[in-house]
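What's in input.cif: mmCIF, N, CA and C atoms
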```
data_final
#
loop_
_atom_site.label_atom_id
_atom_site.label_comp_id
_atom_site.auth_asym_id
_atom_site.auth_seq_id
_atom_site.Cartn_x
_atom_site.Cartn_y
_atom_site.Cartn_z
N MET A 1 107.80 112.68 139.93
CA MET A 1 108.45 111.55 139.32
C MET A 1 107.36 110.60 138.82
N LYS A 2 107.56 110.10 137.62
CA LYS A 2 106.61 109.14 137.07
C LYS A 2 107.13 107.73 137.31
N LEU A 3 106.24 106.89 137.80
CA LEU A 3 106.58 105.49 138.07
C LEU A 3 105.71 104.59 137.21
N MET A 4 106.34 103.66 136.53
CA MET A 4 105.61 102.62 135.80
C MET A 4 105.57 101.41 136.73
N VAL A 5 104.38 101.04 137.12
CA VAL A 5 104.18 99.92 138.04
C VAL A 5 103.49 98.81 137.26
N GLU A 6 104.13 97.66 137.22
CA GLU A 6 103.58 96.51 136.51
C GLU A 6 103.19 95.43 137.50
N PHE A 7 102.05 94.80 137.25
CA PHE A 7 101.52 93.77 138.13
C PHE A 7 101.44 92.46 137.37
N ASP A 8 101.93 91.37 138.00
CA ASP A 8 101.71 90.06 137.42
C ASP A 8 100.39 89.52 137.97
N ARG A 9 100.07 88.26 137.71
CA ARG A 9 98.77 87.75 138.14
C ARG A 9 98.63 87.68 139.65
N VAL A 10 99.75 87.65 140.38
CA VAL A 10 99.70 87.71 141.84
C VAL A 10 99.45 89.15 142.29
N GLY A 11 100.14 90.08 141.65
CA GLY A 11 100.05 91.49 142.04
C GLY A 11 98.70 92.14 141.82
N VAL A 12 97.91 91.64 140.85
CA VAL A 12 96.60 92.25 140.59
C VAL A 12 95.53 91.78 141.57
N GLN A 13 95.86 90.81 142.40
CA GLN A 13 94.87 90.26 143.33
C GLN A 13 94.74 91.05 144.63
N TYR A 14 95.57 92.07 144.81
CA TYR A 14 95.60 92.83 146.06
C TYR A 14 95.64 94.32 145.72
N PRO A 15 94.99 95.17 146.50
CA PRO A 15 95.01 96.61 146.21
C PRO A 15 96.35 97.25 146.60
N ASN A 16 97.40 96.91 145.85
CA ASN A 16 98.76 97.33 146.18
C ASN A 16 98.95 98.84 146.23
N ILE A 17 98.41 99.55 145.26
CA ILE A 17 98.60 101.01 145.23
C ILE A 17 97.92 101.65 146.43
N ALA A 18 96.69 101.25 146.70
CA ALA A 18 95.98 101.81 147.86
C ALA A 18 96.70 101.50 149.16
N ALA A 19 97.21 100.27 149.30
CA ALA A 19 97.93 99.89 150.51
C ALA A 19 99.21 100.71 150.66
N ALA A 20 99.91 100.95 149.55
CA ALA A 20 101.15 101.73 149.60
C ALA A 20 100.86 103.19 149.96
N ILE A 21 99.76 103.73 149.48
CA ILE A 21 99.38 105.10 149.84
C ILE A 21 99.10 105.19 151.34
N LEU A 22 98.36 104.24 151.86
CA LEU A 22 98.05 104.24 153.29
C LEU A 22 99.30 104.03 154.14
N LYS A 23 100.16 103.11 153.74
CA LYS A 23 101.37 102.80 154.50
C LYS A 23 102.37 103.96 154.49
N SER A 24 102.56 104.56 153.32
CA SER A 24 103.58 105.61 153.19
C SER A 24 103.04 107.00 153.51
N GLU A 25 101.71 107.14 153.48
CA GLU A 25 101.06 108.45 153.64
C GLU A 25 101.50 109.44 152.57
N VAL A 26 101.79 108.91 151.38
CA VAL A 26 102.19 109.72 150.23
C VAL A 26 101.05 109.68 149.21
N LEU A 27 100.62 110.86 148.80
CA LEU A 27 99.58 110.93 147.78
C LEU A 27 100.18 110.72 146.40
N VAL A 28 99.48 109.99 145.56
CA VAL A 28 99.93 109.76 144.19
C VAL A 28 98.77 110.04 143.25
N ASN A 29 99.11 110.33 142.02
CA ASN A 29 98.11 110.52 140.99
C ASN A 29 98.24 109.36 140.00
N VAL A 30 97.17 108.62 139.81
CA VAL A 30 97.16 107.56 138.81
C VAL A 30 96.82 108.22 137.49
N GLU A 31 97.82 108.32 136.61
CA GLU A 31 97.63 109.04 135.35
C GLU A 31 97.06 108.16 134.26
N ARG A 32 97.36 106.89 134.31
CA ARG A 32 96.84 105.96 133.31
C ARG A 32 97.05 104.56 133.86
N ALA A 33 96.12 103.66 133.57
CA ALA A 33 96.26 102.29 134.05
C ALA A 33 95.51 101.35 133.12
N GLN A 34 96.01 100.14 133.06
CA GLN A 34 95.35 99.07 132.32
C GLN A 34 95.57 97.80 133.13
N ILE A 35 94.52 97.34 133.76
CA ILE A 35 94.63 96.18 134.65
C ILE A 35 93.46 95.25 134.39
N ASP A 36 93.74 93.96 134.25
CA ASP A 36 92.68 92.97 134.15
C ASP A 36 92.99 91.85 135.13
N GLY A 37 92.33 90.74 135.03
CA GLY A 37 92.49 89.66 136.00
C GLY A 37 93.84 88.98 135.99
N ASP A 38 94.58 89.09 134.90
CA ASP A 38 95.84 88.36 134.78
C ASP A 38 97.08 89.21 135.04
N ASP A 39 97.06 90.46 134.64
CA ASP A 39 98.21 91.34 134.83
C ASP A 39 97.78 92.77 134.54
N GLY A 40 98.73 93.67 134.57
CA GLY A 40 98.40 95.06 134.26
C GLY A 40 99.53 96.00 134.59
N TRP A 41 99.28 97.28 134.37
CA TRP A 41 100.26 98.31 134.65
C TRP A 41 99.53 99.60 135.03
N ALA A 42 100.26 100.45 135.72
CA ALA A 42 99.73 101.76 136.09
C ALA A 42 100.87 102.77 136.01
N LEU A 43 100.57 103.93 135.47
CA LEU A 43 101.52 105.03 135.43
C LEU A 43 101.13 105.99 136.55
N LEU A 44 102.03 106.14 137.51
CA LEU A 44 101.76 106.97 138.70
C LEU A 44 102.65 108.19 138.70
N ASP A 45 102.11 109.30 139.17
CA ASP A 45 102.89 110.51 139.36
C ASP A 45 103.03 110.73 140.86
N VAL A 46 104.27 110.74 141.33
CA VAL A 46 104.57 110.87 142.76
C VAL A 46 105.51 112.06 142.95
N ASP A 47 105.28 112.83 143.99
CA ASP A 47 106.17 113.94 144.31
C ASP A 47 107.59 113.42 144.51
N ASP A 48 108.55 114.07 143.86
CA ASP A 48 109.95 113.61 143.92
C ASP A 48 110.46 113.42 145.34
N ALA A 49 110.09 114.33 146.23
CA ALA A 49 110.59 114.29 147.61
C ALA A 49 110.09 113.06 148.36
N ASN A 50 108.94 112.51 147.95
CA ASN A 50 108.36 111.37 148.66
C ASN A 50 108.41 110.07 147.87
N ALA A 51 109.05 110.09 146.72
CA ALA A 51 109.03 108.93 145.83
C ALA A 51 109.66 107.70 146.47
N GLU A 52 110.81 107.84 147.09
CA GLU A 52 111.48 106.68 147.70
C GLU A 52 110.63 106.06 148.80
N LYS A 53 109.99 106.88 149.58
CA LYS A 53 109.12 106.39 150.66
C LYS A 53 107.95 105.57 150.07
N PHE A 54 107.36 106.10 148.99
CA PHE A 54 106.26 105.40 148.34
C PHE A 54 106.73 104.10 147.69
N ILE A 55 107.86 104.15 147.00
CA ILE A 55 108.40 102.94 146.35
C ILE A 55 108.68 101.86 147.38
N GLY A 56 109.21 102.24 148.53
CA GLY A 56 109.45 101.28 149.59
C GLY A 56 108.17 100.61 150.07
N ALA A 57 107.08 101.36 150.13
CA ALA A 57 105.80 100.81 150.57
C ALA A 57 105.16 99.95 149.49
N LEU A 58 105.51 100.19 148.23
CA LEU A 58 104.89 99.46 147.13
C LEU A 58 105.71 98.24 146.70
N THR A 59 106.88 98.06 147.25
CA THR A 59 107.73 96.92 146.89
C THR A 59 107.15 95.66 147.52
N LEU A 60 106.38 94.95 146.72
CA LEU A 60 105.65 93.77 147.17
C LEU A 60 105.76 92.66 146.13
N PRO A 61 105.48 91.41 146.51
CA PRO A 61 105.49 90.33 145.51
C PRO A 61 104.46 90.60 144.41
N GLY A 62 104.86 90.33 143.18
CA GLY A 62 103.95 90.52 142.06
C GLY A 62 103.94 91.93 141.49
N VAL A 63 104.78 92.81 142.04
CA VAL A 63 104.81 94.20 141.61
C VAL A 63 106.23 94.56 141.16
N THR A 64 106.33 95.14 139.97
CA THR A 64 107.60 95.62 139.45
C THR A 64 107.48 97.13 139.26
N ILE A 65 108.47 97.87 139.74
CA ILE A 65 108.43 99.33 139.68
C ILE A 65 109.67 99.84 138.96
N ARG A 66 109.47 100.79 138.07
CA ARG A 66 110.61 101.48 137.46
C ARG A 66 110.23 102.93 137.22
N VAL A 67 111.24 103.77 137.23
CA VAL A 67 111.03 105.18 136.94
C VAL A 67 110.81 105.32 135.44
N GLN A 68 109.73 106.00 135.06
CA GLN A 68 109.42 106.19 133.64
C GLN A 68 110.12 107.45 133.15
N LYS A 69 111.03 107.27 132.22
CA LYS A 69 111.75 108.40 131.62
C LYS A 69 111.64 108.28 130.11
N ASP A 70 111.73 109.41 129.45
CA ASP A 70 111.70 109.45 127.99
C ASP A 70 110.53 108.66 127.43
N ALA A 71 109.33 109.00 127.88
CA ALA A 71 108.12 108.29 127.45
C ALA A 71 107.85 108.45 125.97
N VAL A 72 108.26 109.59 125.41
CA VAL A 72 108.04 109.86 123.99
C VAL A 72 109.39 109.99 123.30
N SER A 73 109.56 109.23 122.22
CA SER A 73 110.75 109.39 121.40
C SER A 73 110.39 110.25 120.20
N HIS A 74 111.23 111.23 119.93
CA HIS A 74 111.00 112.18 118.83
C HIS A 74 112.14 112.06 117.84
N ASN A 75 111.83 111.62 116.64
CA ASN A 75 112.83 111.50 115.59
C ASN A 75 112.91 112.84 114.86
N ARG A 76 113.89 113.63 115.22
CA ARG A 76 114.05 114.99 114.69
C ARG A 76 114.21 115.00 113.17
N THR A 77 114.86 113.98 112.61
CA THR A 77 115.09 113.97 111.16
C THR A 77 113.81 113.68 110.37
N GLU A 78 112.88 112.95 110.95
CA GLU A 78 111.62 112.66 110.28
C GLU A 78 110.56 113.74 110.50
N CYS A 79 110.67 114.48 111.59
CA CYS A 79 109.66 115.47 111.97
C CYS A 79 109.67 116.67 111.01
N ILE A 80 108.48 117.10 110.61
CA ILE A 80 108.36 118.28 109.74
C ILE A 80 107.78 119.48 110.50
N ASP A 81 107.68 119.37 111.83
CA ASP A 81 107.19 120.44 112.69
C ASP A 81 105.80 120.92 112.28
N CYS A 82 104.93 119.97 111.97
CA CYS A 82 103.57 120.33 111.53
C CYS A 82 102.69 120.79 112.68
N GLY A 83 102.99 120.32 113.91
CA GLY A 83 102.22 120.73 115.08
C GLY A 83 100.98 119.90 115.35
N LEU A 84 100.74 118.87 114.59
CA LEU A 84 99.56 118.04 114.83
C LEU A 84 99.59 117.45 116.24
N CYS A 85 100.75 117.03 116.69
CA CYS A 85 100.87 116.46 118.04
C CYS A 85 100.51 117.49 119.11
N ILE A 86 100.79 118.76 118.86
CA ILE A 86 100.44 119.82 119.82
C ILE A 86 98.93 119.90 119.98
N SER A 87 98.22 119.81 118.87
CA SER A 87 96.76 119.93 118.93
C SER A 87 96.09 118.69 119.50
N ILE A 88 96.73 117.52 119.36
CA ILE A 88 96.14 116.27 119.84
C ILE A 88 96.40 116.02 121.32
N CYS A 89 97.57 116.44 121.80
CA CYS A 89 97.98 116.10 123.17
C CYS A 89 97.26 116.95 124.21
N GLN A 90 96.54 116.29 125.11
CA GLN A 90 95.82 116.99 126.17
C GLN A 90 96.72 117.35 127.35
N LYS A 91 97.91 116.77 127.41
CA LYS A 91 98.81 116.99 128.54
C LYS A 91 99.91 118.01 128.25
N GLN A 92 99.86 118.65 127.11
CA GLN A 92 100.81 119.70 126.72
C GLN A 92 102.26 119.20 126.75
N VAL A 93 102.46 118.01 126.20
CA VAL A 93 103.80 117.44 126.09
C VAL A 93 104.60 118.17 125.01
N PHE A 94 103.91 118.67 124.00
CA PHE A 94 104.57 119.27 122.83
C PHE A 94 104.35 120.77 122.77
N SER A 95 105.34 121.45 122.24
CA SER A 95 105.24 122.90 122.02
C SER A 95 106.24 123.28 120.92
N PHE A 96 106.14 124.51 120.48
CA PHE A 96 107.12 125.04 119.53
C PHE A 96 108.08 125.95 120.26
N ASP A 97 109.33 125.96 119.84
CA ASP A 97 110.29 126.92 120.38
C ASP A 97 110.20 128.21 119.57
N GLU A 98 111.08 129.15 119.85
CA GLU A 98 111.05 130.45 119.17
C GLU A 98 111.33 130.34 117.68
N ASN A 99 111.92 129.23 117.23
CA ASN A 99 112.19 129.00 115.81
C ASN A 99 111.15 128.10 115.15
N TRP A 100 110.05 127.85 115.84
CA TRP A 100 108.96 127.01 115.36
C TRP A 100 109.40 125.57 115.13
N GLN A 101 110.32 125.11 115.96
CA GLN A 101 110.68 123.69 115.95
C GLN A 101 110.02 123.01 117.13
N LEU A 102 109.64 121.78 116.92
CA LEU A 102 108.93 121.03 117.94
C LEU A 102 109.81 120.74 119.15
N CYS A 103 109.28 120.99 120.33
CA CYS A 103 109.93 120.65 121.61
C CYS A 103 109.07 119.60 122.30
N VAL A 104 109.73 118.68 122.99
CA VAL A 104 109.03 117.58 123.66
C VAL A 104 109.40 117.57 125.13
N ASN A 105 108.38 117.59 126.00
CA ASN A 105 108.57 117.46 127.43
C ASN A 105 107.92 116.15 127.85
N SER A 106 108.66 115.06 127.72
CA SER A 106 108.07 113.74 127.96
C SER A 106 107.73 113.48 129.43
N ASP A 107 108.16 114.35 130.33
CA ASP A 107 107.79 114.19 131.74
C ASP A 107 106.28 114.34 131.94
N LYS A 108 105.61 115.01 131.03
CA LYS A 108 104.16 115.21 131.13
C LYS A 108 103.36 114.09 130.49
N CYS A 109 104.01 113.21 129.74
CA CYS A 109 103.33 112.18 128.95
C CYS A 109 102.64 111.15 129.86
N VAL A 110 101.42 110.75 129.46
CA VAL A 110 100.69 109.71 130.17
C VAL A 110 100.52 108.45 129.33
N LEU A 111 101.31 108.32 128.28
CA LEU A 111 101.38 107.11 127.46
C LEU A 111 100.09 106.77 126.72
N CYS A 112 99.31 107.78 126.35
CA CYS A 112 98.06 107.50 125.65
C CYS A 112 98.31 107.05 124.21
N GLY A 113 99.40 107.53 123.60
CA GLY A 113 99.76 107.09 122.26
C GLY A 113 99.10 107.83 121.12
N ARG A 114 98.26 108.81 121.42
CA ARG A 114 97.57 109.54 120.35
C ARG A 114 98.55 110.26 119.43
N CYS A 115 99.60 110.82 119.99
CA CYS A 115 100.58 111.56 119.18
C CYS A 115 101.24 110.64 118.16
N ALA A 116 101.69 109.48 118.62
CA ALA A 116 102.37 108.54 117.72
C ALA A 116 101.42 107.98 116.68
N ALA A 117 100.19 107.71 117.06
CA ALA A 117 99.22 107.15 116.13
C ALA A 117 98.83 108.14 115.04
N ASN A 118 98.90 109.43 115.34
CA ASN A 118 98.44 110.44 114.39
C ASN A 118 99.54 111.22 113.70
N CYS A 119 100.79 110.98 114.05
CA CYS A 119 101.89 111.71 113.42
C CYS A 119 102.00 111.31 111.95
N PRO A 120 101.84 112.26 111.03
CA PRO A 120 101.86 111.89 109.61
C PRO A 120 103.23 111.41 109.13
N GLN A 121 104.28 111.77 109.83
CA GLN A 121 105.64 111.37 109.44
C GLN A 121 106.15 110.17 110.24
N ARG A 122 105.35 109.70 111.21
CA ARG A 122 105.76 108.63 112.12
C ARG A 122 107.06 108.99 112.84
N ALA A 123 107.15 110.25 113.24
CA ALA A 123 108.35 110.76 113.91
C ALA A 123 108.27 110.62 115.43
N LEU A 124 107.14 110.13 115.93
CA LEU A 124 106.95 109.96 117.37
C LEU A 124 106.66 108.51 117.70
N SER A 125 107.18 108.05 118.83
CA SER A 125 106.86 106.72 119.32
C SER A 125 106.79 106.77 120.84
N ILE A 126 106.02 105.86 121.40
CA ILE A 126 105.79 105.80 122.85
C ILE A 126 106.64 104.65 123.41
N ASN A 127 107.32 104.93 124.52
CA ASN A 127 108.16 103.94 125.18
C ASN A 127 107.56 103.57 126.52
N LYS A 128 106.95 102.41 126.62
CA LYS A 128 106.35 101.98 127.89
C LYS A 128 107.37 101.24 128.69
#
```
As structure tokens, please, write out the structure in this file.
Amino acid sequence: MKLMVEFDRVGVQYPNIAAAILKSEVLVNVERAQIDGDDGWALLDVDDANAEKFIGALTLPGVTIRVQKDAVSHNRTECIDCGLCISICQKQVFSFDENWQLCVNSDKCVLCGRCAANCPQRALSINK
């Protein structure tokens, strides 16, 4: 399960993710993060079976947690199935089906935005 964790200026002052890992004893993968002195966010990948336990440990002041779903929006009518997104994406979010139409598995997305920035038809967008 992917979790989008947002920190306000209070939340960035404490090692919340590390504390939640120690408290819950649940391992997480930090897939992408952007944090500075005032606020920030982190995209975490947590095993589905342990997600609730980890979320409970991470529920702290200054921290907002939501399940990240549909990270990539694909506009089928604008897409020309060129495959550029397949070659750019390092996480294998995109593939072709047996009819050479683009398929999107947004569960693998880490919100880097390269696909949307490089799509010649602007058929892709990132939802943070």
Closest contacts (region 34-72 of chain A/region 86-104 of chain A, max 12 Å, only C-alpha atoms) as a Markdown table:
```
| residue | atom | partner | partner_atom | distance |
| --- | --- | --- | --- | --- |
| A:Asp70 | CA | A:Val104 | CA | 9.6 |
| A:Ala71 | CA | A:Val104 | CA | 10.1 |
| A:Val72 | CA | A:Val104 | CA | 7.8 |
```
For the structure provided, state which residues fall under the PyMOL selection byres ((chain A and resi 109-112) around 7), and present them as a ChimeraX atom specification.
/A:31-32,71-72,91-93,105-108,113-116,126-127
Given all atoms listed in the file as the basis, pick out the residue of A:Cys119, A:Ser73, A:Arg66, A:Leu60 nearest to Cys85 (chain A).
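For Cys85 (chain A), the nearest of the given residues is A:Cys119.
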Residues selected by the PyMOL selection byres (((chain A and resi 57 and name CA) around 7) and name CA), written as number ranges by chain:
A: 20, 23-24, 53-56, 58-59
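Proximity to Ala33 (chain A) was assessed for A:Val63, A:Met4, A:Leu84, A:Ala117 counting only C-alpha atoms; the smallest distance is recorded for A:Met4.
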Straight-line distance linking CA of Trp41 (chain A) with CA of Pro61 (chain A), stated in Å to one decimal
14.5 Å
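The space between atom N of Ala49 (chain A) and atom C of Ser125 (chain A) spans 26.7 Å.
For the residues A:Ile21, A:Val12, A:Ala51, A:Gln121, ranking by smallest atom-to-atom distance to Asp38 (chain A) using only N, CA and C atoms places A:Val12 first.
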Out of region 12-101 of chain A, which residues get helix (DSSP H, G or I) from DSSP, as a PDB file with N, CA and C atoms, in the coordinates of the input?
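Writing the result to out30.pdb gives the following:
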```
ATOM      1  N   VAL A  12      97.910  91.640 140.850  1.00  0.00           N
ATOM      2  CA  VAL A  12      96.600  92.250 140.590  1.00  0.00           C
ATOM      3  C   VAL A  12      95.530  91.780 141.570  1.00  0.00           C
ATOM      4  N   GLN A  13      95.860  90.810 142.400  1.00  0.00           N
ATOM      5  CA  GLN A  13      94.870  90.260 143.330  1.00  0.00           C
ATOM      6  C   GLN A  13      94.740  91.050 144.630  1.00  0.00           C
ATOM      7  N   ASN A  16      97.400  96.910 145.850  1.00  0.00           N
ATOM      8  CA  ASN A  16      98.760  97.330 146.180  1.00  0.00           C
ATOM      9  C   ASN A  16      98.950  98.840 146.230  1.00  0.00           C
ATOM     10  N   ILE A  17      98.410  99.550 145.260  1.00  0.00           N
ATOM     11  CA  ILE A  17      98.600 101.010 145.230  1.00  0.00           C
ATOM     12  C   ILE A  17      97.920 101.650 146.430  1.00  0.00           C
ATOM     13  N   ALA A  18      96.690 101.250 146.700  1.00  0.00           N
ATOM     14  CA  ALA A  18      95.980 101.810 147.860  1.00  0.00           C
ATOM     15  C   ALA A  18      96.700 101.500 149.160  1.00  0.00           C
ATOM     16  N   ALA A  19      97.210 100.270 149.300  1.00  0.00           N
ATOM     17  CA  ALA A  19      97.930  99.890 150.510  1.00  0.00           C
ATOM     18  C   ALA A  19      99.210 100.710 150.660  1.00  0.00           C
ATOM     19  N   ALA A  20      99.910 100.950 149.550  1.00  0.00           N
ATOM     20  CA  ALA A  20     101.150 101.730 149.600  1.00  0.00           C
ATOM     21  C   ALA A  20     100.860 103.190 149.960  1.00  0.00           C
ATOM     22  N   ILE A  21      99.760 103.730 149.480  1.00  0.00           N
ATOM     23  CA  ILE A  21      99.380 105.100 149.840  1.00  0.00           C
ATOM     24  C   ILE A  21      99.100 105.190 151.340  1.00  0.00           C
ATOM     25  N   LEU A  22      98.360 104.240 151.860  1.00  0.00           N
ATOM     26  CA  LEU A  22      98.050 104.240 153.290  1.00  0.00           C
ATOM     27  C   LEU A  22      99.300 104.030 154.140  1.00  0.00           C
ATOM     28  N   LYS A  23     100.160 103.110 153.740  1.00  0.00           N
ATOM     29  CA  LYS A  23     101.370 102.800 154.500  1.00  0.00           C
ATOM     30  C   LYS A  23     102.370 103.960 154.490  1.00  0.00           C
ATOM     31  N   SER A  24     102.560 104.560 153.320  1.00  0.00           N
ATOM     32  CA  SER A  24     103.580 105.610 153.190  1.00  0.00           C
ATOM     33  C   SER A  24     103.040 107.000 153.510  1.00  0.00           C
ATOM     34  N   ASP A  48     108.550 114.070 143.860  1.00  0.00           N
ATOM     35  CA  ASP A  48     109.950 113.610 143.920  1.00  0.00           C
ATOM     36  C   ASP A  48     110.460 113.420 145.340  1.00  0.00           C
ATOM     37  N   ALA A  49     110.090 114.330 146.230  1.00  0.00           N
ATOM     38  CA  ALA A  49     110.590 114.290 147.610  1.00  0.00           C
ATOM     39  C   ALA A  49     110.090 113.060 148.360  1.00  0.00           C
ATOM     40  N   ASN A  50     108.940 112.510 147.950  1.00  0.00           N
ATOM     41  CA  ASN A  50     108.360 111.370 148.660  1.00  0.00           C
ATOM     42  C   ASN A  50     108.410 110.070 147.870  1.00  0.00           C
ATOM     43  N   ALA A  51     109.050 110.090 146.720  1.00  0.00           N
ATOM     44  CA  ALA A  51     109.030 108.930 145.830  1.00  0.00           C
ATOM     45  C   ALA A  51     109.660 107.700 146.470  1.00  0.00           C
ATOM     46  N   GLU A  52     110.810 107.840 147.090  1.00  0.00           N
ATOM     47  CA  GLU A  52     111.480 106.680 147.700  1.00  0.00           C
ATOM     48  C   GLU A  52     110.630 106.060 148.800  1.00  0.00           C
ATOM     49  N   LYS A  53     109.990 106.880 149.580  1.00  0.00           N
ATOM     50  CA  LYS A  53     109.120 106.390 150.660  1.00  0.00           C
ATOM     51  C   LYS A  53     107.950 105.570 150.070  1.00  0.00           C
ATOM     52  N   PHE A  54     107.360 106.100 148.990  1.00  0.00           N
ATOM     53  CA  PHE A  54     106.260 105.400 148.340  1.00  0.00           C
ATOM     54  C   PHE A  54     106.730 104.100 147.690  1.00  0.00           C
ATOM     55  N   ILE A  55     107.860 104.150 147.000  1.00  0.00           N
ATOM     56  CA  ILE A  55     108.400 102.940 146.350  1.00  0.00           C
ATOM     57  C   ILE A  55     108.680 101.860 147.380  1.00  0.00           C
ATOM     58  N   GLY A  56     109.210 102.240 148.530  1.00  0.00           N
ATOM     59  CA  GLY A  56     109.450 101.280 149.590  1.00  0.00           C
ATOM     60  C   GLY A  56     108.170 100.610 150.070  1.00  0.00           C
ATOM     61  N   ALA A  57     107.080 101.360 150.130  1.00  0.00           N
ATOM     62  CA  ALA A  57     105.800 100.810 150.570  1.00  0.00           C
ATOM     63  C   ALA A  57     105.160  99.950 149.490  1.00  0.00           C
ATOM     64  N   LEU A  58     105.510 100.190 148.230  1.00  0.00           N
ATOM     65  CA  LEU A  58     104.890  99.460 147.130  1.00  0.00           C
ATOM     66  C   LEU A  58     105.710  98.240 146.700  1.00  0.00           C
ATOM     67  N   LEU A  84     100.740 118.870 114.590  1.00  0.00           N
ATOM     68  CA  LEU A  84      99.560 118.040 114.830  1.00  0.00           C
ATOM     69  C   LEU A  84      99.590 117.450 116.240  1.00  0.00           C
ATOM     70  N   CYS A  85     100.750 117.030 116.690  1.00  0.00           N
ATOM     71  CA  CYS A  85     100.870 116.460 118.040  1.00  0.00           C
ATOM     72  C   CYS A  85     100.510 117.490 119.110  1.00  0.00           C
ATOM     73  N   ILE A  86     100.790 118.760 118.860  1.00  0.00           N
ATOM     74  CA  ILE A  86     100.440 119.820 119.820  1.00  0.00           C
ATOM     75  C   ILE A  86      98.930 119.900 119.980  1.00  0.00           C
ATOM     76  N   SER A  87      98.220 119.810 118.870  1.00  0.00           N
ATOM     77  CA  SER A  87      96.760 119.930 118.930  1.00  0.00           C
ATOM     78  C   SER A  87      96.090 118.690 119.500  1.00  0.00           C
ATOM     79  N   ILE A  88      96.730 117.520 119.360  1.00  0.00           N
ATOM     80  CA  ILE A  88      96.140 116.270 119.840  1.00  0.00           C
ATOM     81  C   ILE A  88      96.400 116.020 121.320  1.00  0.00           C
TER      82      ILE A  88
END
```
List the neighbours of Thr64 (chain A) out to 7 Å using only C-alpha atoms; skip same-chain residues closer than 3 positions along the sequence, and give me the result as a list in words.
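In the requested form, the answer reads Val5, Glu6 and Phe7 of chain A.
Taking atom N of Val67 (chain A) and atom C of Asp36 (chain A) as the two end points, the separation is 21.9 Å.
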List, as a PyMOL selection string, every residue that the PyMOL selection byres ((chain A and resi 80) around 8) selects in the file provided.
chain A and resi 75-79+81-83+100-102+120-121+123
Counting all atoms listed in the file, which residues come within 6.5 Å of (96.0, 87.0, 139.6), with the point read in the file's coordinates, and could you list them as an MDAnalysis selection string?
chainID A and resid 8:13 37:39
I'd like to know which residues of chain A are strand (DSSP E) (by DSSP, run on the backbone); could you write them as number ranges by chain?
A: 2-7, 28-35, 40-46, 63-67, 72-74, 94-96, 102-104, 124-126
